[in-house]
file query_30.cif (mmCIF, C-alpha atoms)
data_coords
#
loop_
_atom_site.label_atom_id
_atom_site.label_comp_id
_atom_site.auth_asym_id
_atom_site.auth_seq_id
_atom_site.Cartn_x
_atom_site.Cartn_y
_atom_site.Cartn_z
CA MET A 153 16.96 6.86 -34.89
CA ASN A 154 20.17 8.52 -33.88
CA PHE A 155 22.82 7.46 -31.41
CA LYS A 156 21.62 9.84 -28.65
CA GLN A 157 18.12 8.39 -28.79
CA ILE A 158 19.48 4.87 -28.38
CA LEU A 159 21.56 5.87 -25.36
CA SER A 160 18.73 7.73 -23.67
CA LYS A 161 16.31 4.80 -23.75
CA PRO A 162 15.74 3.04 -20.45
CA GLU A 163 17.58 -0.24 -20.13
CA LYS A 164 14.86 -2.11 -18.32
CA LYS A 165 11.69 -3.44 -19.82
CA ILE A 166 9.38 -4.97 -17.28
CA LYS A 167 5.97 -6.51 -17.71
CA VAL A 168 3.18 -4.68 -15.93
CA ILE A 169 0.07 -6.68 -15.05
CA LEU A 170 -2.96 -5.14 -13.34
CA THR A 171 -6.16 -6.78 -12.17
CA TYR A 172 -9.86 -6.10 -12.15
CA ARG A 173 -11.47 -7.99 -9.24
CA ILE A 174 -8.96 -10.82 -9.08
CA ASP A 175 -8.02 -12.45 -5.77
CA GLU A 176 -4.40 -12.76 -4.70
CA SER A 177 -4.74 -16.56 -4.58
CA ASP A 178 -5.67 -16.59 -8.28
CA ILE A 179 -2.46 -14.73 -9.11
CA ARG A 180 -0.24 -16.89 -6.93
CA ASN A 181 -1.59 -19.98 -8.73
CA SER A 182 -1.14 -18.55 -12.22
CA GLU A 183 1.59 -18.08 -14.78
CA PHE A 184 2.36 -14.78 -13.03
CA ALA A 185 3.36 -16.41 -9.73
CA ASN A 186 7.05 -15.57 -10.33
CA PHE A 187 6.34 -11.87 -10.77
CA LYS A 188 6.64 -9.35 -7.97
CA ILE A 189 3.10 -9.37 -6.51
CA VAL A 190 1.84 -6.18 -4.91
CA ASP A 191 -1.45 -5.41 -3.19
CA PHE A 192 -2.65 -1.96 -4.25
CA SER A 193 -4.20 -1.40 -0.82
CA ASP A 194 -0.72 -1.90 0.72
CA VAL A 195 0.64 0.79 -1.61
CA LEU A 196 -2.07 3.18 -0.45
CA GLN A 197 -1.45 2.35 3.19
CA LYS A 198 2.32 2.88 2.90
CA ASN A 199 1.65 6.30 1.38
CA ASN A 200 -0.89 7.21 4.08
CA TYR A 201 -3.58 7.64 1.46
CA ASP A 202 -6.67 9.29 2.92
CA PRO A 203 -9.68 9.35 0.56
CA SER A 204 -11.11 12.36 2.39
CA LYS A 205 -7.93 14.39 1.78
CA ASP A 206 -6.21 12.86 -1.25
CA SER A 207 -7.52 12.90 -4.79
CA GLU A 208 -8.14 9.84 -6.94
CA LEU A 209 -5.15 10.94 -8.99
CA ASN A 210 -2.91 10.69 -5.90
CA LYS A 211 -3.56 6.98 -5.54
CA LEU A 212 -2.67 6.40 -9.19
CA GLU A 213 0.52 8.43 -8.74
CA TYR A 214 1.49 6.20 -5.81
CA LEU A 215 0.87 3.15 -7.96
CA SER A 216 2.83 4.51 -10.91
CA LYS A 217 5.83 5.15 -8.65
CA VAL A 218 5.79 1.51 -7.54
CA ILE A 219 5.66 0.33 -11.14
CA ILE A 220 8.34 2.71 -12.39
CA SER A 221 10.72 1.81 -9.57
CA SER A 222 10.22 -1.94 -9.99
CA GLU A 223 13.21 -3.88 -11.26
CA ASN A 224 11.13 -6.99 -11.91
CA ASN A 225 7.96 -7.93 -13.72
CA ILE A 226 5.07 -6.87 -11.51
CA VAL A 227 1.46 -7.85 -10.86
CA ILE A 228 -0.66 -5.45 -8.87
CA TYR A 229 -3.96 -6.72 -7.56
CA ASN A 230 -6.91 -4.81 -6.08
CA THR A 231 -6.56 -2.24 -8.87
CA GLY A 232 -9.14 -0.90 -11.23
CA SER A 233 -12.17 0.05 -9.23
CA ASN A 234 -12.79 2.47 -12.07
CA LEU A 235 -12.07 1.51 -15.68
CA GLU A 236 -10.75 4.99 -16.41
CA ASP A 237 -7.99 4.35 -13.85
CA PHE A 238 -6.34 1.99 -16.34
CA ASP A 239 -6.24 4.73 -18.98
CA THR A 240 -4.86 7.31 -16.55
CA LEU A 241 -2.20 4.93 -15.28
CA SER A 242 -1.24 4.02 -18.83
CA GLU A 243 -0.65 7.71 -19.59
CA MET A 244 1.48 8.07 -16.45
CA LEU A 245 3.70 5.19 -17.55
CA LYS A 246 4.25 6.35 -21.15
CA PRO A 247 7.09 8.81 -20.42
CA TYR A 248 9.00 5.87 -18.92
CA GLU A 249 8.31 3.72 -21.96
CA LEU A 250 6.27 1.32 -19.87
CA ILE A 251 2.90 -0.08 -20.80
CA ILE A 252 0.25 -2.10 -19.07
CA ASP A 253 0.90 -5.46 -20.70
CA ASN A 254 -2.12 -7.23 -19.33
CA ILE A 255 -5.26 -6.64 -17.29
CA LEU A 256 -6.50 -9.78 -15.57
CA VAL A 257 -10.23 -10.31 -15.08
CA PRO A 258 -12.15 -13.23 -13.55
CA ASN A 259 -13.06 -15.94 -16.04
CA GLU A 260 -16.67 -16.85 -16.74
CA SER A 261 -16.82 -19.70 -14.22
CA LYS A 262 -15.48 -17.44 -11.43
CA ARG A 263 -17.98 -14.74 -12.34
CA LYS A 264 -20.82 -17.28 -12.22
CA GLN A 265 -19.57 -18.50 -8.85
CA GLN A 266 -19.50 -14.91 -7.57
CA LEU A 267 -23.13 -14.55 -8.63
CA ILE A 268 -24.10 -17.83 -6.94
CA ASP A 269 -22.28 -16.82 -3.74
CA GLY A 270 -23.98 -13.41 -3.78
CA GLN A 271 -27.42 -14.96 -4.28
CA LYS A 272 -26.80 -17.42 -1.46
CA ALA A 273 -25.67 -14.66 0.90
CA TYR A 274 -28.77 -12.66 -0.01
CA ARG A 275 -31.10 -15.63 0.65
CA GLU A 276 -29.47 -16.34 4.00
CA HIS A 277 -29.01 -12.77 5.21
CA ASN A 278 -31.42 -10.54 3.29
CA ARG A 279 -33.04 -9.21 6.43
CA TRP A 280 -29.65 -7.73 7.44
CA LEU A 281 -28.49 -6.66 3.99
CA ASN A 282 -29.45 -3.39 2.41
CA PHE A 283 -30.13 -4.90 -1.04
CA TYR A 284 -33.42 -4.96 -2.89
CA PRO A 285 -34.59 -8.15 -4.68
CA GLY A 286 -32.70 -8.52 -7.96
CA GLU A 287 -29.88 -6.15 -7.02
CA ILE A 288 -27.32 -8.97 -6.84
CA GLU A 289 -28.22 -9.99 -10.41
CA GLU A 290 -28.11 -6.37 -11.60
CA ASN A 291 -24.64 -5.91 -10.08
CA HIS A 292 -23.48 -9.11 -11.78
CA LYS A 293 -24.85 -7.94 -15.14
CA TYR A 294 -23.15 -4.55 -14.68
CA PHE A 295 -19.85 -6.30 -13.87
CA GLU A 296 -20.15 -8.40 -17.06
CA GLN A 297 -20.74 -5.20 -19.04
CA ARG A 298 -17.66 -3.60 -17.48
CA ILE A 299 -15.51 -6.56 -18.51
CA ASN A 300 -16.88 -6.41 -22.06
CA THR A 301 -16.19 -2.66 -22.16
CA LEU A 302 -12.63 -3.28 -21.00
CA LYS A 303 -12.11 -5.95 -23.68
CA GLU A 304 -13.49 -3.69 -26.39
CA LYS A 305 -11.52 -0.65 -25.27
CA TYR A 306 -8.19 -2.50 -25.36
CA ARG A 307 -8.91 -4.75 -28.36
CA ASN A 308 -6.43 -3.10 -30.76
CA THR A 309 -3.81 -2.00 -28.25
CA GLU A 310 -0.68 -3.45 -26.71
CA THR A 311 -2.65 -4.22 -23.55
CA LYS A 312 -4.23 -7.66 -23.40
CA ILE A 313 -7.28 -8.51 -21.33
CA SER A 314 -6.95 -12.03 -19.94
CA GLU A 315 -9.46 -14.12 -18.04
CA ILE A 316 -8.01 -16.28 -15.30
#

call {"tool": "encode", "arguments": {"input": "query_30.cif", "output": "structure tokens"}}
result
Amino acid sequence: MNFKQILSKPEKKIKVILTYRIDESDIRNSEFANFKIVDFSDVLQKNNYDPSKDSELNKLEYLSKVIISSENNIVIYNTGSNLEDFDTLSEMLKPYELIIDNILVPNESKRKQQLIDGQKAYREHNRWLNFYPGEIEENHKYFEQRINTLKEKYRNTETKISEI
């Protein structure tokens, strides 16, 4: 490495944490509580994101700008409705020598509780809900598969998948 390369490297190195279906309260009560905590939906709102006019890529560009401009370690919740979004965002951050350090997912007990809550809501309100019998369980199974896919995809990378 030559002297010019050393001088051209960014001076800041922040930790970037994203979430996949994690509530804000879970972040505020975690080891990441001292990070800058950002709601992805607030980012979209501030940028007047309109899903009927803007592309999916636009919302990731808005998010990348927030990350790149951050001076502090950052956790962004309400991200990752699509697993491919993590890959796209990771590519957007590379030129700035930033990586997604961690993707937080609900732990097993929280996922089980989500299933129980969904089943209870279905039992109590099924005549008003547009779900067929067993759909809650299918959605839960699909969510479990998505988490396993995420863990497998990032197994040998710098990005950790952590259950909280």

call {"tool": "resolve_selection", "arguments": {"input": "query_30.cif", "expression": "the PyMOL selection byres ((chain A and resi 256) around 8)", "output": "ChimeraX atom specification"}}
result
/A:169-172,174,254-255,257-258,313-316

call {"tool": "residues_around", "arguments": {"input": "query_30.cif", "residues": "Asp194 in chain A", "least_positions_apart": "3", "cutoff": "12 Å", "atoms": "all atoms listed in the file", "output": "list in words"}}
result
Ile189, Val190, Asp191, Gln197, Lys198, Asn199, Asn200, Tyr201, Lys211, Tyr214, Leu215, Val218, Ile228, Tyr229, Asn230 and Thr231 of chain A

call {"tool": "closest_residue", "arguments": {"input": "query_30.cif", "among": "A:Glu213, A:Val227, A:Leu267, A:Gln297", "to": "Ser242 in chain A", "atoms": "only C-alpha atoms"}}
result
A:Glu213

call {"tool": "resolve_selection", "arguments": {"input": "query_30.cif", "expression": "the PyMOL selection byres ((chain A and resi 188) around 10)", "output": "ChimeraX atom specification"}}
result
/A:168,184-187,189-190,222-228

call {"tool": "atom_distance", "arguments": {"input": "query_30.cif", "atom1": "CA of Asn291 in chain A", "atom2": "CA of Arg275 in chain A"}}
result
15.9 Å

call {"tool": "closest_residue", "arguments": {"input": "query_30.cif", "among": "A:Glu289, A:Tyr294, A:Phe192, A:Lys205", "to": "Ile219 in chain A", "atoms": "all atoms listed in the file"}}
result
A:Phe192

call {"tool": "residues_around", "arguments": {"input": "query_30.cif", "residues": "Glu296 in chain A", "least_positions_apart": "3", "cutoff": "12 Å", "atoms": "all atoms listed in the file", "output": "MDAnalysis selection string"}}
result
chainID A and resid 172:173 257:260 262:264 266:267 289:293 299:303

call {"tool": "write_last_selection", "arguments": {"input": "query_30.cif", "atoms": "C-alpha atoms", "output": "PDB file, in the coordinates of the input"}}
result
ATOM      1  CA  TYR A 172      -9.860  -6.100 -12.150  1.00  0.00           C
ATOM      2  CA  ARG A 173     -11.470  -7.990  -9.240  1.00  0.00           C
ATOM      3  CA  VAL A 257     -10.230 -10.310 -15.080  1.00  0.00           C
ATOM      4  CA  PRO A 258     -12.150 -13.230 -13.550  1.00  0.00           C
ATOM      5  CA  ASN A 259     -13.060 -15.940 -16.040  1.00  0.00           C
ATOM      6  CA  GLU A 260     -16.670 -16.850 -16.740  1.00  0.00           C
ATOM      7  CA  LYS A 262     -15.480 -17.440 -11.430  1.00  0.00           C
ATOM      8  CA  ARG A 263     -17.980 -14.740 -12.340  1.00  0.00           C
ATOM      9  CA  LYS A 264     -20.820 -17.280 -12.220  1.00  0.00           C
ATOM     10  CA  GLN A 266     -19.500 -14.910  -7.570  1.00  0.00           C
ATOM     11  CA  LEU A 267     -23.130 -14.550  -8.630  1.00  0.00           C
ATOM     12  CA  GLU A 289     -28.220  -9.990 -10.410  1.00  0.00           C
ATOM     13  CA  GLU A 290     -28.110  -6.370 -11.600  1.00  0.00           C
ATOM     14  CA  ASN A 291     -24.640  -5.910 -10.080  1.00  0.00           C
ATOM     15  CA  HIS A 292     -23.480  -9.110 -11.780  1.00  0.00           C
ATOM     16  CA  LYS A 293     -24.850  -7.940 -15.140  1.00  0.00           C
ATOM     17  CA  ILE A 299     -15.510  -6.560 -18.510  1.00  0.00           C
ATOM     18  CA  ASN A 300     -16.880  -6.410 -22.060  1.00  0.00           C
ATOM     19  CA  THR A 301     -16.190  -2.660 -22.160  1.00  0.00           C
ATOM     20  CA  LEU A 302     -12.630  -3.280 -21.000  1.00  0.00           C
ATOM     21  CA  LYS A 303     -12.110  -5.950 -23.680  1.00  0.00           C
TER      22      LYS A 303
END

call {"tool": "residues_around", "arguments": {"input": "query_30.cif", "residues": "Pro247 in chain A", "least_positions_apart": "2", "cutoff": "12 Å", "atoms": "only C-alpha atoms", "output": "list in words"}}
result
Lys161, Pro162, Ser216, Ile220, Leu241, Ser242, Glu243, Met244, Leu245, Glu249, Leu250 and Ile251 of chain A

call {"tool": "closest_residue", "arguments": {"input": "query_30.cif", "among": "A:Tyr248, A:Glu183, A:Asn210, A:Tyr306", "to": "Leu196 in chain A", "atoms": "only C-alpha atoms"}}
result
A:Asn210

call {"tool": "atom_distance", "arguments": {"input": "query_30.cif", "atom1": "CA of Phe238 in chain A", "atom2": "CA of Ile166 in chain A"}}
result
17.2 Å

call {"tool": "atom_distance", "arguments": {"input": "query_30.cif", "atom1": "CA of Asn308 in chain A", "atom2": "CA of Ser177 in chain A"}}
result
29.5 Å

call {"tool": "closest_residue", "arguments": {"input": "query_30.cif", "among": "A:Asp239, A:Glu276, A:Glu287, A:Asp269", "to": "Lys305 in chain A", "atoms": "only C-alpha atoms"}}
result
A:Asp239

call {"tool": "residues_around", "arguments": {"input": "query_30.cif", "residues": "Asp237 in chain A", "least_positions_apart": "6", "cutoff": "9 Å", "atoms": "only C-alpha atoms", "output": "list in words"}}
result
Glu208, Leu209, Leu212 and Thr231 of chain A

call {"tool": "closest_residue", "arguments": {"input": "query_30.cif", "among": "A:Val195, A:Ile288, A:Ile179, A:Leu235", "to": "Ile268 in chain A", "atoms": "all atoms listed in the file"}}
result
A:Ile288

call {"tool": "build_atoms", "arguments": {"input": "query_30.cif", "residues": "range 294-310 of chain A", "atoms": "N, CA, C and O atoms", "output": "PDB file, in the frame of the given file"}}
result
ATOM      1  N   TYR A 294     -23.961  -5.750 -14.522  1.00  0.00           N
ATOM      2  CA  TYR A 294     -23.150  -4.550 -14.680  1.00  0.00           C
ATOM      3  C   TYR A 294     -21.661  -4.919 -14.738  1.00  0.00           C
ATOM      4  O   TYR A 294     -20.911  -4.388 -15.563  1.00  0.00           O
ATOM      5  N   PHE A 295     -21.235  -5.839 -13.882  1.00  0.00           N
ATOM      6  CA  PHE A 295     -19.850  -6.300 -13.870  1.00  0.00           C
ATOM      7  C   PHE A 295     -19.488  -6.944 -15.208  1.00  0.00           C
ATOM      8  O   PHE A 295     -18.418  -6.689 -15.774  1.00  0.00           O
ATOM      9  N   GLU A 296     -20.375  -7.776 -15.745  1.00  0.00           N
ATOM     10  CA  GLU A 296     -20.150  -8.400 -17.060  1.00  0.00           C
ATOM     11  C   GLU A 296     -19.997  -7.319 -18.136  1.00  0.00           C
ATOM     12  O   GLU A 296     -19.133  -7.428 -19.011  1.00  0.00           O
ATOM     13  N   GLN A 297     -20.830  -6.289 -18.064  1.00  0.00           N
ATOM     14  CA  GLN A 297     -20.740  -5.200 -19.040  1.00  0.00           C
ATOM     15  C   GLN A 297     -19.416  -4.463 -18.919  1.00  0.00           C
ATOM     16  O   GLN A 297     -18.816  -4.089 -19.934  1.00  0.00           O
ATOM     17  N   ARG A 298     -18.943  -4.271 -17.698  1.00  0.00           N
ATOM     18  CA  ARG A 298     -17.660  -3.600 -17.480  1.00  0.00           C
ATOM     19  C   ARG A 298     -16.506  -4.404 -18.085  1.00  0.00           C
ATOM     20  O   ARG A 298     -15.607  -3.838 -18.692  1.00  0.00           O
ATOM     21  N   ILE A 299     -16.552  -5.709 -17.926  1.00  0.00           N
ATOM     22  CA  ILE A 299     -15.510  -6.560 -18.510  1.00  0.00           C
ATOM     23  C   ILE A 299     -15.557  -6.468 -20.032  1.00  0.00           C
ATOM     24  O   ILE A 299     -14.523  -6.341 -20.694  1.00  0.00           O
ATOM     25  N   ASN A 300     -16.745  -6.520 -20.607  1.00  0.00           N
ATOM     26  CA  ASN A 300     -16.880  -6.410 -22.060  1.00  0.00           C
ATOM     27  C   ASN A 300     -16.392  -5.045 -22.558  1.00  0.00           C
ATOM     28  O   ASN A 300     -15.750  -4.956 -23.608  1.00  0.00           O
ATOM     29  N   THR A 301     -16.673  -3.994 -21.807  1.00  0.00           N
ATOM     30  CA  THR A 301     -16.190  -2.660 -22.160  1.00  0.00           C
ATOM     31  C   THR A 301     -14.671  -2.622 -22.141  1.00  0.00           C
ATOM     32  O   THR A 301     -14.035  -2.070 -23.046  1.00  0.00           O
ATOM     33  N   LEU A 302     -14.087  -3.216 -21.125  1.00  0.00           N
ATOM     34  CA  LEU A 302     -12.630  -3.280 -21.000  1.00  0.00           C
ATOM     35  C   LEU A 302     -12.033  -4.023 -22.189  1.00  0.00           C
ATOM     36  O   LEU A 302     -11.062  -3.561 -22.806  1.00  0.00           O
ATOM     37  N   LYS A 303     -12.602  -5.160 -22.541  1.00  0.00           N
ATOM     38  CA  LYS A 303     -12.110  -5.950 -23.680  1.00  0.00           C
ATOM     39  C   LYS A 303     -12.200  -5.149 -24.979  1.00  0.00           C
ATOM     40  O   LYS A 303     -11.267  -5.159 -25.786  1.00  0.00           O
ATOM     41  N   GLU A 304     -13.297  -4.470 -25.163  1.00  0.00           N
ATOM     42  CA  GLU A 304     -13.490  -3.690 -26.390  1.00  0.00           C
ATOM     43  C   GLU A 304     -12.528  -2.505 -26.447  1.00  0.00           C
ATOM     44  O   GLU A 304     -11.933  -2.224 -27.476  1.00  0.00           O
ATOM     45  N   LYS A 305     -12.375  -1.830 -25.333  1.00  0.00           N
ATOM     46  CA  LYS A 305     -11.520  -0.650 -25.270  1.00  0.00           C
ATOM     47  C   LYS A 305     -10.069  -0.980 -25.612  1.00  0.00           C
ATOM     48  O   LYS A 305      -9.384  -0.202 -26.257  1.00  0.00           O
ATOM     49  N   TYR A 306      -9.598  -2.138 -25.176  1.00  0.00           N
ATOM     50  CA  TYR A 306      -8.190  -2.500 -25.360  1.00  0.00           C
ATOM     51  C   TYR A 306      -7.971  -3.508 -26.493  1.00  0.00           C
ATOM     52  O   TYR A 306      -6.873  -4.020 -26.646  1.00  0.00           O
ATOM     53  N   ARG A 307      -8.993  -3.746 -27.296  1.00  0.00           N
ATOM     54  CA  ARG A 307      -8.910  -4.750 -28.360  1.00  0.00           C
ATOM     55  C   ARG A 307      -7.714  -4.544 -29.284  1.00  0.00           C
ATOM     56  O   ARG A 307      -6.971  -5.464 -29.568  1.00  0.00           O
ATOM     57  N   ASN A 308      -7.497  -3.362 -29.790  1.00  0.00           N
ATOM     58  CA  ASN A 308      -6.430  -3.100 -30.760  1.00  0.00           C
ATOM     59  C   ASN A 308      -5.278  -2.322 -30.153  1.00  0.00           C
ATOM     60  O   ASN A 308      -4.730  -1.423 -30.772  1.00  0.00           O
ATOM     61  N   THR A 309      -4.920  -2.675 -28.936  1.00  0.00           N
ATOM     62  CA  THR A 309      -3.810  -2.000 -28.250  1.00  0.00           C
ATOM     63  C   THR A 309      -2.776  -3.036 -27.827  1.00  0.00           C
ATOM     64  O   THR A 309      -2.960  -4.235 -28.019  1.00  0.00           O
ATOM     65  N   GLU A 310      -1.722  -2.552 -27.216  1.00  0.00           N
ATOM     66  CA  GLU A 310      -0.680  -3.450 -26.710  1.00  0.00           C
ATOM     67  C   GLU A 310      -1.111  -4.145 -25.415  1.00  0.00           C
ATOM     68  O   GLU A 310      -0.463  -5.085 -24.970  1.00  0.00           O
TER      69      GLU A 310
END
